Amino acid sequence: MDITEKTVKEDVAGKLASSVQAFVTSQPQVPDLTTVDVAAIVSVVVSGGAQTEKKVPAFFPADDETAKGILAEIGGSAEIIVVPDSIGMSGENKAITLKSDDRDTYAGLITTAAQKFANVDLNALLERVKAKTILVQQRLMSGGDLEMCGTIWHEYGHVLHEPKETGNVFNHELTMIAKHRKGDLATWIANFRPLRYLARYVSEPGIDEMINTLKTILVPDEFEKFAKLRFDVVNKTKVDEKEPVVTTVTIEVQQLVEGTTEDIWRKAGLVGEIVIDGEMTTGKTVSFGGCTWKVESHYPDEADEPDPAFDTFRLRRLT
């Protein structure tokens, strides 16, 4: 007869169970012993003391609860999942609200990521991945209260309204911050939602409502700045190009620089009117300041065509 590891374990388990049961029944002076789960004790001993961790339909259950709490603060309720940073979003975004045609793509990414998480119940987790599910990268959860709240409330605007960056979505975001984080509103607009971004990327429906909200929450000078930016976008105002006055480029070869063309121009140590030769699209090379640069990324990548005055780029200096 072959003696296998299974046979040995079963034999040991049987003998151990008998011993434990005999001990329990021989101790009538301790009534609580009669409730001992003999099978559980034997299972732990035979398995070497290891206990199986309960699987859950989440990567980071505590972070999921925090995110749900942020939605609850504004009376919101939606499926929201905090995912590993390896699951990419559009451009440099840290969160996304899924559309119906996104589901399969992100289900695949989540399936791949889950292979590194022993405690994830993948089937149950995938049931949470559907249209209007909000996915949040874990790095957002350590980004500070304002960034967490503003980003999640913006995404909830997509749940309530349209999948695109409409006036309704931005109006919801701004209204919630003005109501629940009023003291941080100026910081939000300065660091996370620049006025030129709102002017450039807002689309119908809801633009008038967003503009009315901005008029209410901004100081007059800031609102006037926004109105000028919006006018330029609507009327496609062009600035006359002049030859730039070039100083020494301060970005090293192979170094990355990120921002709008205005930001990049300044970071590169250049002055004068911005003149860039080449097409500012991902994968292309452009020239300025006597150097060649590769466009590593461009946001928003869903735009019909890049708008160097407003879009955010990541460039790498090649020469």
# chains A, B, ... in the order shown; residues from 1 in each chain; ligands from 1
>>> residues_around(residues="Lys228 (chain A)", least_positions_apart="5", cutoff="12 Å", atoms="only C-alpha atoms", output="PDB file with N, CA and C atoms, in the first residue's frame")
ATOM      1  N   LEU A 195      -7.858  78.010 -14.362  1.00  0.00           N
ATOM      2  CA  LEU A 195      -8.923  78.654 -15.123  1.00  0.00           C
ATOM      3  C   LEU A 195      -8.783  78.408 -16.623  1.00  0.00           C
ATOM      4  N   ARG A 196      -7.546  78.344 -17.116  1.00  0.00           N
ATOM      5  CA  ARG A 196      -7.387  78.129 -18.559  1.00  0.00           C
ATOM      6  C   ARG A 196      -7.826  76.721 -18.946  1.00  0.00           C
ATOM      7  N   ALA A 199     -11.555  76.971 -19.165  1.00  0.00           N
ATOM      8  CA  ALA A 199     -11.915  77.724 -20.365  1.00  0.00           C
ATOM      9  C   ALA A 199     -11.760  76.890 -21.630  1.00  0.00           C
ATOM     10  N   ARG A 200     -10.735  76.058 -21.656  1.00  0.00           N
ATOM     11  CA  ARG A 200     -10.411  75.303 -22.867  1.00  0.00           C
ATOM     12  C   ARG A 200     -11.228  74.027 -23.018  1.00  0.00           C
ATOM     13  N   ASP A 221     -11.340  89.965 -10.213  1.00  0.00           N
ATOM     14  CA  ASP A 221     -10.167  89.912 -11.090  1.00  0.00           C
ATOM     15  C   ASP A 221      -9.974  88.521 -11.690  1.00  0.00           C
ATOM     16  N   GLU A 222     -10.190  87.481 -10.873  1.00  0.00           N
ATOM     17  CA  GLU A 222     -10.042  86.111 -11.355  1.00  0.00           C
ATOM     18  C   GLU A 222     -11.123  85.759 -12.368  1.00  0.00           C
ATOM     19  N   PHE A 223     -12.346  86.204 -12.109  1.00  0.00           N
ATOM     20  CA  PHE A 223     -13.407  85.915 -13.066  1.00  0.00           C
ATOM     21  C   PHE A 223     -13.149  86.630 -14.387  1.00  0.00           C
ATOM     22  N   VAL A 233     -10.721  81.281 -26.404  1.00  0.00           N
ATOM     23  CA  VAL A 233     -10.996  79.921 -26.876  1.00  0.00           C
ATOM     24  C   VAL A 233     -12.155  79.917 -27.865  1.00  0.00           C
ATOM     25  N   VAL A 234     -13.234  80.570 -27.501  1.00  0.00           N
ATOM     26  CA  VAL A 234     -14.422  80.583 -28.353  1.00  0.00           C
ATOM     27  C   VAL A 234     -14.136  81.244 -29.693  1.00  0.00           C
ATOM     28  N   ASN A 235     -13.341  82.295 -29.673  1.00  0.00           N
ATOM     29  CA  ASN A 235     -13.062  83.052 -30.897  1.00  0.00           C
ATOM     30  C   ASN A 235     -11.744  82.646 -31.547  1.00  0.00           C
ATOM     31  N   LYS A 236     -11.107  81.583 -30.994  1.00  0.00           N
ATOM     32  CA  LYS A 236      -9.844  81.074 -31.546  1.00  0.00           C
ATOM     33  C   LYS A 236      -8.839  82.198 -31.778  1.00  0.00           C
ATOM     34  N   THR A 237      -8.694  83.058 -30.788  1.00  0.00           N
ATOM     35  CA  THR A 237      -7.773  84.180 -30.884  1.00  0.00           C
ATOM     36  C   THR A 237      -6.339  83.679 -31.023  1.00  0.00           C
TER      37      THR A 237
END
>>> select_by_dssp(residues="region 52-253 of chain A", states="strand (DSSP E)", output="ChimeraX atom specification")
/A:80-83,95-97,134-137
>>> write_last_selection(atoms="N, CA and C atoms", output="mmCIF file, in the first residue's frame")
data_model
loop_
_atom_site.group_PDB
_atom_site.id
_atom_site.type_symbol
_atom_site.label_atom_id
_atom_site.label_comp_id
_atom_site.auth_asym_id
_atom_site.auth_seq_id
_atom_site.Cartn_x
_atom_site.Cartn_y
_atom_site.Cartn_z
ATOM 1 N N ILE A 80 -17.226 52.517 -6.129
ATOM 2 C CA ILE A 80 -15.907 53.159 -6.224
ATOM 3 C C ILE A 80 -14.853 52.180 -5.731
ATOM 4 N N ILE A 81 -13.824 51.995 -6.529
ATOM 5 C CA ILE A 81 -12.794 50.993 -6.248
ATOM 6 C C ILE A 81 -11.427 51.663 -6.298
ATOM 7 N N VAL A 82 -10.655 51.510 -5.239
ATOM 8 C CA VAL A 82 -9.270 51.980 -5.231
ATOM 9 C C VAL A 82 -8.400 50.869 -5.812
ATOM 10 N N VAL A 83 -7.636 51.203 -6.844
ATOM 11 C CA VAL A 83 -6.867 50.199 -7.581
ATOM 12 C C VAL A 83 -5.372 50.512 -7.496
ATOM 13 N N ALA A 95 -7.896 59.166 -11.490
ATOM 14 C CA ALA A 95 -9.212 58.547 -11.334
ATOM 15 C C ALA A 95 -9.944 58.600 -12.663
ATOM 16 N N ILE A 96 -10.900 57.693 -12.803
ATOM 17 C CA ILE A 96 -11.694 57.647 -14.035
ATOM 18 C C ILE A 96 -13.061 57.072 -13.705
ATOM 19 N N THR A 97 -14.081 57.549 -14.392
ATOM 20 C CA THR A 97 -15.413 56.965 -14.292
ATOM 21 C C THR A 97 -15.646 56.151 -15.552
ATOM 22 N N ILE A 134 -16.427 54.180 -10.442
ATOM 23 C CA ILE A 134 -15.296 55.096 -10.322
ATOM 24 C C ILE A 134 -14.072 54.292 -9.893
ATOM 25 N N LEU A 135 -13.003 54.380 -10.671
ATOM 26 C CA LEU A 135 -11.731 53.760 -10.312
ATOM 27 C C LEU A 135 -10.777 54.852 -9.852
ATOM 28 N N VAL A 136 -10.105 54.617 -8.744
ATOM 29 C CA VAL A 136 -9.196 55.598 -8.160
ATOM 30 C C VAL A 136 -7.845 54.934 -7.923
ATOM 31 N N GLN A 137 -6.779 55.525 -8.434
ATOM 32 C CA GLN A 137 -5.443 54.996 -8.140
ATOM 33 C C GLN A 137 -5.116 55.211 -6.665
#
>>> select_by_dssp(residues="region 91-151 of chain A", states="helix (DSSP H, G or I)", output="VMD selection string")
chain A and resid 100 to 114 122 to 127 138 to 142 145 to 151
>>> closest_residue(among="A:Ala190, A:Lys182, A:Trp153, A:Ile264", to="Ala72 (chain A)", atoms="only C-alpha atoms")
A:Trp153
>>> closest_residue(among="A:Ala78, A:Val129, A:Ala268, A:Ile251", to="Leu160 (chain A)", atoms="only C-alpha atoms")
A:Ala78
>>> atom_distance(atom1="CA of Ser297 (chain A)", atom2="CA of Val159 (chain A)")
27.1 Å
>>> residues_around(residues="Leu122 (chain A)", least_positions_apart="2", cutoff="10 Å", atoms="only C-alpha atoms", output="JSON, numbers by chain")
{"A": [55, 56, 57, 58, 59, 107, 110, 111, 114, 115, 117, 118, 119, 120, 124, 125, 126, 127]}
>>> write_last_selection(atoms="C-alpha atoms", output="mmCIF file, in the first residue's frame")
data_model
loop_
_atom_site.group_PDB
_atom_site.id
_atom_site.type_symbol
_atom_site.label_atom_id
_atom_site.label_comp_id
_atom_site.auth_asym_id
_atom_site.auth_seq_id
_atom_site.Cartn_x
_atom_site.Cartn_y
_atom_site.Cartn_z
ATOM 1 C CA LYS A 55 -10.709 36.929 0.301
ATOM 2 C CA VAL A 56 -12.456 40.244 -0.368
ATOM 3 C CA PRO A 57 -13.792 41.964 -3.523
ATOM 4 C CA ALA A 58 -11.263 44.805 -3.239
ATOM 5 C CA PHE A 59 -7.556 45.564 -3.554
ATOM 6 C CA ALA A 107 -11.617 44.351 -16.277
ATOM 7 C CA ILE A 110 -7.779 44.554 -12.913
ATOM 8 C CA THR A 111 -7.503 40.822 -13.590
ATOM 9 C CA ALA A 114 -5.110 40.940 -8.985
ATOM 10 C CA GLN A 115 -2.548 38.195 -9.633
ATOM 11 C CA PHE A 117 -2.939 40.162 -4.426
ATOM 12 C CA ALA A 118 -3.591 36.837 -2.707
ATOM 13 C CA ASN A 119 -6.571 38.133 -0.722
ATOM 14 C CA VAL A 120 -8.594 39.483 -3.689
ATOM 15 C CA ALA A 124 -16.627 39.332 -6.842
ATOM 16 C CA LEU A 125 -14.389 42.307 -7.612
ATOM 17 C CA LEU A 126 -15.143 42.115 -11.344
ATOM 18 C CA GLU A 127 -18.861 42.251 -10.554
#
